[in-house]
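Colleague: What follows is the file coords36.txt, containing compact mmCIF, C-alpha atoms:
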# COMPACT_ATOMS: atom_id res chain seq x y z
CA MET A 18 -2.90 -9.50 -20.88
CA ASN A 19 -1.07 -10.15 -17.66
CA VAL A 20 -2.08 -9.81 -14.02
CA GLU A 21 0.02 -10.34 -10.92
CA THR A 22 -0.60 -9.79 -7.21
CA LEU A 23 2.20 -8.63 -4.92
CA TYR A 24 2.06 -8.30 -1.15
CA GLY A 25 3.54 -5.49 0.93
CA LYS A 26 3.65 -4.62 4.61
CA HIS A 27 0.58 -4.03 6.79
CA GLY A 28 -1.53 -6.40 4.66
CA VAL A 29 -1.37 -4.14 1.61
CA GLU A 30 -1.81 -5.79 -1.78
CA PHE A 31 -0.71 -4.52 -5.18
CA ILE A 32 -2.42 -5.88 -8.29
CA SER A 33 -0.40 -5.23 -11.45
CA VAL A 34 -2.28 -5.39 -14.76
CA SER A 35 -0.72 -4.86 -18.19
CA ASN A 36 -2.51 -5.00 -21.53
CA ASP A 37 -1.27 -5.80 -25.03
CA VAL A 38 -0.86 -2.20 -26.26
CA GLY A 39 1.32 -0.50 -23.67
CA LEU A 40 -0.89 0.28 -20.65
CA GLU A 41 0.23 -0.81 -17.19
CA VAL A 42 -1.88 -0.20 -14.09
CA VAL A 43 -0.92 -1.08 -10.54
CA LEU A 44 -3.87 -1.00 -8.15
CA SER A 45 -3.87 -1.43 -4.39
CA ASN A 46 -6.36 -2.66 -1.83
CA TYR A 47 -5.20 0.23 0.37
CA GLY A 48 -7.75 2.92 -0.42
CA ALA A 49 -8.95 1.00 -3.52
CA SER A 50 -6.26 3.07 -5.17
CA ILE A 51 -4.46 3.60 -8.45
CA TYR A 52 -0.88 3.17 -7.25
CA GLU A 53 0.91 3.39 -10.61
CA LEU A 54 -0.22 4.05 -14.16
CA LYS A 55 2.11 3.90 -17.17
CA LEU A 56 1.86 4.06 -20.93
CA ASP A 57 4.87 2.85 -22.92
CA LEU A 58 6.71 2.60 -19.57
CA GLU A 59 6.20 6.34 -19.02
CA ASP A 60 4.53 7.49 -15.81
CA MET A 61 1.07 9.01 -16.21
CA ILE A 62 0.52 9.73 -12.50
CA LEU A 63 2.65 10.62 -9.47
CA THR A 64 3.51 7.80 -7.09
CA PRO A 65 5.61 8.12 -3.91
CA LYS A 66 8.70 5.94 -3.94
CA SER A 67 8.51 5.13 -0.25
CA PHE A 68 5.89 2.58 0.77
CA GLU A 69 5.54 4.35 4.11
CA THR A 70 4.79 7.65 2.35
CA PHE A 71 2.05 5.90 0.39
CA PHE A 72 0.69 4.10 3.46
CA HIS A 73 0.68 7.28 5.56
CA ASN A 74 -0.77 9.19 2.64
CA THR A 75 -1.25 12.90 3.40
CA LYS A 76 -1.67 14.01 -0.25
CA TYR A 77 -4.20 11.29 -1.18
CA TYR A 78 -2.00 9.94 -4.01
CA GLY A 79 -4.30 7.78 -6.17
CA LEU A 80 -6.73 7.01 -3.34
CA THR A 81 -10.49 6.53 -3.59
CA VAL A 82 -11.97 9.27 -1.41
CA GLY A 83 -15.32 9.20 0.39
CA ARG A 84 -17.98 9.01 1.74
CA ILE A 85 -17.84 12.69 0.79
CA ALA A 86 -14.89 14.07 -1.17
CA GLY A 87 -14.08 17.73 -0.57
CA ARG A 88 -14.80 19.89 2.45
CA VAL A 89 -17.79 19.78 4.79
CA LYS A 90 -18.04 23.13 6.58
CA ASN A 91 -17.48 22.78 10.33
CA GLY A 92 -17.81 19.03 9.80
CA LEU A 93 -21.57 19.31 10.17
CA LEU A 94 -23.70 17.07 7.96
CA LYS A 95 -27.46 17.44 8.14
CA ILE A 96 -29.62 14.52 7.00
CA GLY A 97 -33.32 15.09 7.50
CA GLU A 98 -33.80 16.44 11.01
CA GLN A 99 -30.54 14.98 12.30
CA THR A 100 -27.15 16.73 12.22
CA TYR A 101 -23.98 14.64 12.42
CA GLN A 102 -20.61 15.89 13.64
CA LEU A 103 -17.94 14.56 11.29
CA GLU A 104 -14.25 14.41 12.10
CA GLN A 105 -12.56 17.81 11.77
CA ASN A 106 -9.19 17.12 10.17
CA GLU A 107 -8.59 20.52 8.51
CA GLY A 108 -9.19 23.24 11.07
CA THR A 109 -12.92 23.10 11.72
CA ASN A 110 -13.63 21.42 8.37
CA CYS A 111 -14.01 17.77 7.53
CA LEU A 112 -11.72 17.26 4.51
CA HIS A 113 -12.21 14.16 2.31
CA SER A 114 -14.24 12.52 5.13
CA GLY A 115 -11.75 12.86 7.93
CA PHE A 116 -9.25 10.52 9.57
CA HIS A 117 -11.43 7.44 8.98
CA SER A 118 -12.12 8.05 5.30
CA ILE A 119 -12.53 4.99 3.10
CA CYS A 120 -9.25 6.03 1.46
CA PHE A 121 -7.28 4.96 4.56
CA LYS A 122 -8.72 1.46 4.75
CA LYS A 123 -7.77 -1.92 3.32
CA TRP A 124 -10.41 -3.27 0.98
CA ARG A 125 -11.27 -6.83 -0.04
CA THR A 126 -10.12 -7.76 -3.54
CA GLN A 127 -11.51 -9.76 -6.45
CA VAL A 128 -9.84 -10.26 -9.84
CA VAL A 129 -11.73 -11.43 -12.94
CA THR A 130 -9.74 -12.32 -16.05
CA THR A 131 -11.01 -12.70 -19.62
CA LYS A 132 -9.36 -12.46 -23.04
CA GLU A 133 -10.90 -9.01 -23.67
CA TYR A 134 -10.34 -7.37 -20.27
CA ILE A 135 -9.33 -7.76 -16.65
CA ILE A 136 -11.53 -6.52 -13.82
CA VAL A 137 -10.16 -5.70 -10.38
CA ARG A 138 -12.93 -5.11 -7.88
CA PHE A 139 -12.53 -3.77 -4.35
CA TYR A 140 -15.11 -4.18 -1.56
CA LEU A 141 -15.44 -2.33 1.75
CA THR A 142 -18.02 -2.14 4.53
CA THR A 143 -17.92 0.70 7.06
CA LYS A 144 -19.70 0.65 10.39
CA LYS A 145 -22.31 3.11 11.52
CA GLY A 146 -20.65 6.05 13.24
CA GLU A 147 -17.21 5.76 11.60
CA GLY A 148 -15.80 9.26 11.17
CA GLY A 149 -19.11 10.57 12.51
CA PHE A 150 -21.12 9.38 9.49
CA ASN A 151 -24.49 7.73 9.92
CA GLY A 152 -25.39 4.28 8.68
CA LYS A 153 -23.50 1.13 7.80
CA CYS A 154 -22.27 1.44 4.20
CA ASP A 155 -21.11 -0.94 1.50
CA TYR A 156 -18.74 0.25 -1.22
CA ILE A 157 -17.58 -1.36 -4.45
CA VAL A 158 -14.94 0.21 -6.69
CA THR A 159 -14.36 -1.59 -9.98
CA TYR A 160 -11.44 -1.09 -12.38
CA LYS A 161 -11.68 -2.50 -15.88
CA ILE A 162 -8.60 -2.67 -18.11
CA TYR A 163 -9.02 -3.67 -21.76
CA ALA A 164 -6.64 -5.91 -23.72
CA GLU A 165 -6.55 -3.90 -26.95
CA ASP A 166 -7.44 -0.37 -25.82
CA ASN A 167 -5.59 1.98 -23.49
CA ILE A 168 -8.68 2.58 -21.43
CA LEU A 169 -9.20 2.44 -17.67
CA LEU A 170 -12.89 2.32 -16.70
CA VAL A 171 -13.75 2.98 -13.05
CA THR A 172 -17.16 2.34 -11.47
CA TYR A 173 -18.11 3.62 -8.02
CA ASP A 174 -20.96 2.01 -6.08
CA GLY A 175 -22.05 3.13 -2.62
CA CYS A 176 -25.03 1.80 -0.67
CA CYS A 177 -26.02 2.75 2.89
CA LYS A 178 -28.42 1.23 5.39
CA GLU A 179 -29.74 4.75 6.10
CA ASP A 180 -30.43 7.88 4.07
CA THR A 181 -27.09 9.58 3.43
CA TYR A 182 -24.98 11.64 1.04
CA PHE A 183 -22.30 10.36 -1.33
CA ALA A 184 -19.58 12.07 -3.34
CA LEU A 185 -16.86 9.58 -4.28
CA THR A 186 -13.78 10.31 -6.37
CA ASN A 187 -10.21 9.29 -7.12
CA HIS A 188 -7.37 11.62 -6.11
CA ALA A 189 -4.60 10.64 -8.55
CA TYR A 190 -2.19 13.38 -9.63
CA PHE A 191 -1.68 13.28 -13.40
CA ASN A 192 1.53 14.20 -15.19
CA LEU A 193 1.63 12.66 -18.64
CA GLY A 194 5.04 11.21 -19.37
CA ASP A 195 6.69 12.59 -16.25
CA ASP A 196 7.23 16.17 -17.41
CA LYS A 197 9.14 18.48 -15.06
CA ASP A 198 5.75 19.85 -14.04
CA ILE A 199 2.24 20.19 -15.46
CA LEU A 200 2.52 23.86 -16.44
CA ASN A 201 3.04 22.97 -20.12
CA HIS A 202 0.10 20.57 -20.16
CA HIS A 203 -2.99 21.75 -22.02
CA LEU A 204 -6.22 21.39 -20.05
CA ARG A 205 -9.76 21.47 -21.46
CA ILE A 206 -12.84 21.32 -19.24
CA LYS A 207 -16.32 21.38 -20.71
CA ALA A 208 -17.77 23.43 -17.85
CA ASN A 209 -19.73 26.68 -17.69
CA GLU A 210 -19.43 27.31 -13.93
CA VAL A 211 -16.68 27.23 -11.33
CA SER A 212 -16.76 27.29 -7.53
CA THR A 213 -16.19 30.27 -5.27
CA PHE A 214 -14.99 30.00 -1.67
CA ASP A 215 -15.38 31.39 1.79
CA VAL A 216 -11.98 33.02 2.39
CA GLU A 217 -12.07 32.04 6.08
CA ASP A 218 -12.36 28.27 5.71
CA PHE A 219 -12.13 27.66 1.93
CA CYS A 220 -15.45 25.83 1.79
CA ILE A 221 -17.41 26.23 -1.43
CA ASN A 222 -20.04 28.95 -1.07
CA GLY A 223 -21.31 29.32 -4.64
CA TYR A 224 -20.56 29.21 -8.35
CA ILE A 225 -19.87 31.80 -11.04
CA PRO A 226 -19.81 31.60 -14.85
CA VAL A 227 -16.36 30.82 -16.30
CA GLU A 228 -16.85 33.17 -19.24
CA ASN A 229 -14.27 36.00 -19.31
CA THR A 230 -12.42 34.58 -16.30
CA ILE A 231 -9.13 32.73 -15.75
CA TYR A 232 -11.28 29.63 -15.13
CA ASP A 233 -12.46 29.31 -18.71
CA PHE A 234 -11.01 26.03 -19.99
CA ARG A 235 -13.79 25.33 -22.48
CA GLU A 236 -11.10 25.58 -25.14
CA ALA A 237 -7.81 23.87 -24.27
CA LYS A 238 -5.20 26.20 -22.78
CA LEU A 239 -1.86 25.81 -21.05
CA ILE A 240 -2.19 25.41 -17.30
CA LYS A 241 0.59 27.95 -16.82
CA LYS A 242 -1.28 30.66 -18.76
CA ASP A 243 -3.10 32.09 -15.73
CA ILE A 244 -1.67 30.15 -12.80
CA LYS A 245 0.21 33.21 -11.51
CA ALA A 246 -2.94 35.34 -11.50
CA GLU A 247 -3.36 37.23 -8.21
CA GLU A 248 -6.74 35.73 -7.43
CA LEU A 249 -5.14 32.26 -7.34
CA HIS A 250 -2.74 33.37 -4.61
CA ASN A 251 -4.50 36.06 -2.59
CA ILE A 252 -5.69 33.83 0.26
CA LYS A 253 -3.66 31.40 2.36
CA TRP A 254 -5.49 28.32 1.08
CA LEU A 255 -4.59 28.91 -2.57
CA ASN A 256 -1.43 28.60 -4.62
CA GLY A 257 -2.88 27.83 -8.04
CA TYR A 258 -6.09 26.09 -9.05
CA ASP A 259 -8.12 24.26 -6.40
CA HIS A 260 -11.62 24.61 -7.88
CA ARG A 261 -14.68 22.56 -8.69
CA PHE A 262 -16.07 22.91 -12.20
CA HIS A 263 -19.71 22.22 -13.03
CA LEU A 264 -19.64 20.07 -16.15
CA GLU A 265 -21.90 20.60 -19.12
CA GLU A 266 -24.16 17.80 -20.28
CA LEU A 267 -22.43 16.30 -23.32
CA PRO A 268 -22.98 13.44 -25.76
CA ARG A 269 -21.30 10.26 -24.53
CA THR A 270 -18.87 10.51 -27.44
CA GLU A 271 -17.40 13.82 -26.22
CA ALA A 272 -14.85 13.94 -23.40
CA ASN A 273 -15.74 16.04 -20.36
CA VAL A 274 -12.10 16.75 -19.55
CA SER A 275 -8.90 16.50 -21.61
CA LEU A 276 -5.27 16.81 -20.57
CA SER A 277 -2.38 16.73 -23.03
CA ASN A 278 1.25 17.59 -23.61
CA GLY A 279 3.58 17.09 -26.54
CA ASN A 280 3.57 13.30 -26.26
CA TYR A 281 0.34 12.07 -24.69
CA LYS A 282 -3.33 12.90 -24.34
CA LEU A 283 -5.83 11.83 -21.71
CA ASP A 284 -9.57 12.12 -22.35
CA VAL A 285 -11.93 11.68 -19.41
CA TYR A 286 -15.58 10.71 -19.84
CA THR A 287 -17.94 10.64 -16.87
CA ASP A 288 -21.56 10.70 -15.80
CA TYR A 289 -20.60 12.73 -12.74
CA ASP A 290 -21.60 16.40 -13.04
CA SER A 291 -18.39 18.01 -11.76
CA VAL A 292 -14.62 17.78 -11.69
CA HIS A 293 -12.31 19.25 -9.07
CA ILE A 294 -9.02 20.55 -10.42
CA TYR A 295 -6.10 20.87 -8.02
CA THR A 296 -2.72 21.85 -9.44
CA GLY A 297 -0.66 20.75 -6.46
CA GLY A 298 0.18 24.18 -5.10
CA PHE A 299 1.72 22.84 -1.89
CA THR A 300 4.25 20.08 -1.36
CA ASN A 301 5.86 17.88 1.24
CA HIS A 302 8.75 17.25 -1.18
CA ASP A 303 7.96 13.54 -1.32
CA VAL A 304 10.34 11.46 -3.41
CA LEU A 305 8.53 9.89 -6.36
CA ILE A 306 9.03 6.43 -7.80
CA ASN A 307 11.22 7.88 -10.58
CA ASP A 308 13.47 9.57 -7.96
CA ASP A 309 12.06 13.00 -8.76
CA ILE A 310 10.61 15.31 -6.12
CA ASP A 311 6.89 16.05 -5.89
CA ASP A 312 7.33 19.79 -6.07
CA VAL A 313 4.82 22.59 -6.60
CA TYR A 314 2.72 22.04 -9.77
CA LYS A 315 4.22 18.59 -10.32
CA GLY A 316 0.80 17.01 -10.85
CA VAL A 317 -2.85 17.92 -11.41
CA THR A 318 -5.91 16.11 -10.08
CA LEU A 319 -8.97 15.47 -12.22
CA GLU A 320 -11.37 14.55 -9.41
CA CYS A 321 -14.62 13.61 -11.12
CA SER A 322 -17.39 13.66 -8.54
CA SER A 323 -20.77 15.13 -7.67
CA PHE A 324 -21.40 18.87 -8.02
CA ALA A 325 -22.86 18.64 -4.52
CA PRO A 326 -23.01 15.50 -2.35
CA GLU A 327 -25.88 13.40 -3.68
CA PHE A 328 -28.71 12.51 -1.32
CA THR A 329 -29.23 8.76 -1.56
CA LYS A 330 -32.07 6.92 0.13
CA LYS A 331 -31.36 3.96 2.37
CA LYS A 332 -30.46 0.74 0.53
CA GLU A 333 -30.31 2.56 -2.82
CA HIS A 334 -27.10 2.33 -4.84
CA ASN A 335 -25.22 5.49 -5.78
CA ILE A 336 -23.39 4.44 -8.97
CA HIS A 337 -21.14 6.49 -11.25
CA HIS A 338 -18.57 5.84 -13.96
CA VAL A 339 -15.32 7.50 -15.02
CA LYS A 340 -13.48 6.42 -18.17
CA TYR A 341 -9.85 7.39 -18.77
CA VAL A 342 -8.70 7.07 -22.39
CA PHE A 343 -4.95 7.42 -23.02
CA ARG A 344 -3.53 8.22 -26.45
CA ARG A 345 -0.13 8.86 -27.92
CA LYS A 346 0.02 12.19 -29.73
CA SER A 347 2.02 10.47 -32.48
CA ASP A 348 -0.98 8.23 -33.21
CA GLU A 349 -3.08 11.30 -34.05
CA ASN A 350 -0.86 12.27 -36.97
Please rewrite the model in this file as structure tokens.

Modeller:
Amino acid sequence: MNVETLYGKHGVEFISVSNDVGLEVVLSNYGASIYELKLDLEDMILTPKSFETFFHNTKYYGLTVGRIAGRVKNGLLKIGEQTYQLEQNEGTNCLHSGFHSICFKKWRTQVVTTKEYIIVRFYLTTKKGEGGFNGKCDYIVTYKIYAEDNILLVTYDGCCKEDTYFALTNHAYFNLGDDKDILNHHLRIKANEVSTFDVEDFCINGYIPVENTIYDFREAKLIKKDIKAEELHNIKWLNGYDHRFHLEELPRTEANVSLSNGNYKLDVYTDYDSVHIYTGGFTNHDVLINDDIDDVYKGVTLECSSFAPEFTKKKEHNIHHVKYVFRRKSDEN
């Protein structure tokens, strides 16, 4: 295994880790993020070519998002008898915890190296009142890369000095092997329910069964199969999938989410109870590291997180795991 730390502008660090079987991961202390991820030198996620685009990240490329990922209606968070006004950065909503989200901060870094794996751990403390949230909070995001397996294991740990809510996730956009887009990727989601939305502000207002709907991914299907369906385009907030799926309880040996194309397969295992799928329906036409353009449907997020923000008592740790397992389709034959 090999690990190297590089330093960019604004105090941003990049920690490059490569294993012995083809996996390369570049992590950053900015947003405790996955900056680059490759298998056999092929891109597995989208990365902006310009450092400034990454640093002024409006699409959340690879960033760790929190304290609460997703939308908080009117930016109002009620905890006990107290209601907190969060930053409103999407109309009246608080999206991905506002302008002072943990994803826009520089974290402290620790690297642990062994023969079997390398751990990169990021630490952050936020002050009470940042972004409107209550309580001083400590966060730890840990990435573990194995020497002989193409596995990336991520652990999220949040702890607050006061009662609060957590829903942490990573916002990487996957495209396995840098296809033209993700429309010819097969997606499987072991979920029985999918979110519905308030058409006025796009906040989640309930869930419906996926059976007999365009949201049924319990068996793998091409993303393009239903992506032009009218109900994915009939309100201004939608241009494809942007939905939270309530995951089934599965044995630890069965992947919760799978994404594949003709060359690669990604299996995702998590103890979170939901995944948010966003198929990149809008674009700023950012130039990617491979000189391609991040166009509509160029990438898909697999945002494993909490079905609803999890109430966590003061000084308790909110801990969850997400394991990404990459395979070559040729190895399955």

Colleague: Between A:Asp174, A:Asp180, A:Glu133, A:Glu236, which has the minimum distance to Lys161 (chain A) (counting only C-alpha atoms)?

Modeller: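 Checking each of A:Asp174, A:Asp180, A:Glu133, A:Glu236 against Lys161 (chain A), counting only C-alpha atoms, the winner is A:Glu133.
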
Colleague: May I ask for the distance between CA of Ser33 (chain A) and CA of Phe191 (chain A), given in Å to one decimal place?

Modeller: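 Those two atoms sit 18.7 Å apart.
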
Colleague: Please, what distance in Å, to one decimal, runs between CA of Tyr295 (chain A) and CA of Leu267 (chain A)?

Modeller: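 Computed distance, CA of Tyr295 (chain A) to CA of Leu267 (chain A), equals 22.8 Å.
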
Colleague: Can you tell me, as a PyMOL selection string, what residues are no more than 12 Å from region 217-230 of chain A when counting only C-alpha atoms, ignoring any on the same chain fewer than 4 positions away?

Modeller: chain A and resi 87-92+107-112+206-213+234-236+243+246+248-249+252-255+259-265+291+293+324-325

Colleague: With all atoms listed in the file as the basis for distance, which of A:His337, A:Lys76, A:Arg345, A:Lys242 is at the shortest distance from Asp311 (chain A)?

Modeller: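 Result for the nearest residue to Asp311 (chain A): A:Lys76.
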
Colleague: Can you give me all heavy atoms for region 149-160 of chain A, written as a compact mmCIF listing (two decimals), keeping the file's coordinate frame?

Modeller:
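Generated output (part_35.txt):
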# COMPACT_ATOMS: atom_id res chain seq x y z
N GLY A 149 -17.94 9.75 12.21
CA GLY A 149 -19.11 10.57 12.51
C GLY A 149 -20.27 10.37 11.56
O GLY A 149 -21.36 10.92 11.77
N PHE A 150 -20.07 9.59 10.49
CA PHE A 150 -21.12 9.38 9.49
C PHE A 150 -22.18 8.41 10.01
O PHE A 150 -21.88 7.48 10.76
CB PHE A 150 -20.53 8.83 8.20
CG PHE A 150 -19.80 9.84 7.37
CD1 PHE A 150 -18.43 9.99 7.49
CD2 PHE A 150 -20.48 10.66 6.48
CE1 PHE A 150 -17.74 10.93 6.73
CE2 PHE A 150 -19.82 11.60 5.72
CZ PHE A 150 -18.43 11.74 5.85
N ASN A 151 -23.39 8.62 9.54
CA ASN A 151 -24.49 7.73 9.92
C ASN A 151 -24.46 6.49 9.04
O ASN A 151 -23.91 6.48 7.94
CB ASN A 151 -25.82 8.45 9.74
CG ASN A 151 -26.17 8.65 8.26
OD1 ASN A 151 -25.33 9.10 7.48
ND2 ASN A 151 -27.39 8.33 7.88
N GLY A 152 -25.08 5.43 9.52
CA GLY A 152 -25.39 4.28 8.68
C GLY A 152 -24.22 3.40 8.30
O GLY A 152 -23.15 3.88 7.93
N LYS A 153 -24.44 2.10 8.35
CA LYS A 153 -23.50 1.13 7.80
C LYS A 153 -23.53 1.23 6.28
O LYS A 153 -24.59 1.30 5.67
CB LYS A 153 -23.90 -0.27 8.26
CG LYS A 153 -23.06 -1.40 7.70
CD LYS A 153 -23.58 -2.75 8.21
CE LYS A 153 -22.79 -3.90 7.62
NZ LYS A 153 -23.31 -5.21 8.10
N CYS A 154 -22.35 1.25 5.65
CA CYS A 154 -22.27 1.44 4.20
C CYS A 154 -21.44 0.35 3.54
O CYS A 154 -20.44 -0.11 4.10
CB CYS A 154 -21.65 2.79 3.85
SG CYS A 154 -22.83 4.14 3.83
N ASP A 155 -21.86 -0.03 2.36
CA ASP A 155 -21.11 -0.94 1.50
C ASP A 155 -20.61 -0.19 0.28
O ASP A 155 -21.38 0.57 -0.35
CB ASP A 155 -21.98 -2.12 1.06
CG ASP A 155 -22.39 -3.01 2.22
OD1 ASP A 155 -21.52 -3.35 3.04
OD2 ASP A 155 -23.59 -3.34 2.32
N TYR A 156 -19.35 -0.40 -0.06
CA TYR A 156 -18.74 0.25 -1.22
C TYR A 156 -18.15 -0.80 -2.14
O TYR A 156 -17.57 -1.79 -1.68
CB TYR A 156 -17.62 1.19 -0.78
CG TYR A 156 -18.03 2.31 0.13
CD1 TYR A 156 -18.04 2.13 1.52
CD2 TYR A 156 -18.39 3.56 -0.37
CE1 TYR A 156 -18.41 3.15 2.37
CE2 TYR A 156 -18.76 4.59 0.48
CZ TYR A 156 -18.76 4.38 1.84
OH TYR A 156 -19.13 5.40 2.67
N ILE A 157 -18.26 -0.55 -3.44
CA ILE A 157 -17.58 -1.36 -4.45
C ILE A 157 -16.94 -0.40 -5.44
O ILE A 157 -17.62 0.47 -6.00
CB ILE A 157 -18.54 -2.31 -5.20
CG1 ILE A 157 -19.34 -3.18 -4.24
CG2 ILE A 157 -17.77 -3.18 -6.19
CD1 ILE A 157 -20.44 -3.98 -4.91
N VAL A 158 -15.64 -0.54 -5.65
CA VAL A 158 -14.94 0.21 -6.69
C VAL A 158 -14.37 -0.80 -7.68
O VAL A 158 -13.64 -1.72 -7.29
CB VAL A 158 -13.82 1.09 -6.11
CG1 VAL A 158 -13.06 1.78 -7.24
CG2 VAL A 158 -14.40 2.12 -5.16
N THR A 159 -14.74 -0.64 -8.94
CA THR A 159 -14.36 -1.59 -9.98
C THR A 159 -13.49 -0.92 -11.02
O THR A 159 -13.84 0.14 -11.56
CB THR A 159 -15.62 -2.17 -10.66
OG1 THR A 159 -16.45 -2.78 -9.68
CG2 THR A 159 -15.25 -3.19 -11.72
N TYR A 160 -12.35 -1.54 -11.31
CA TYR A 160 -11.44 -1.09 -12.38
C TYR A 160 -11.47 -2.12 -13.50
O TYR A 160 -11.29 -3.32 -13.25
CB TYR A 160 -10.02 -0.94 -11.85
CG TYR A 160 -9.83 0.13 -10.80
CD1 TYR A 160 -9.87 -0.19 -9.45
CD2 TYR A 160 -9.61 1.45 -11.17
CE1 TYR A 160 -9.69 0.79 -8.48
CE2 TYR A 160 -9.42 2.44 -10.21
CZ TYR A 160 -9.47 2.09 -8.87
OH TYR A 160 -9.30 3.07 -7.91
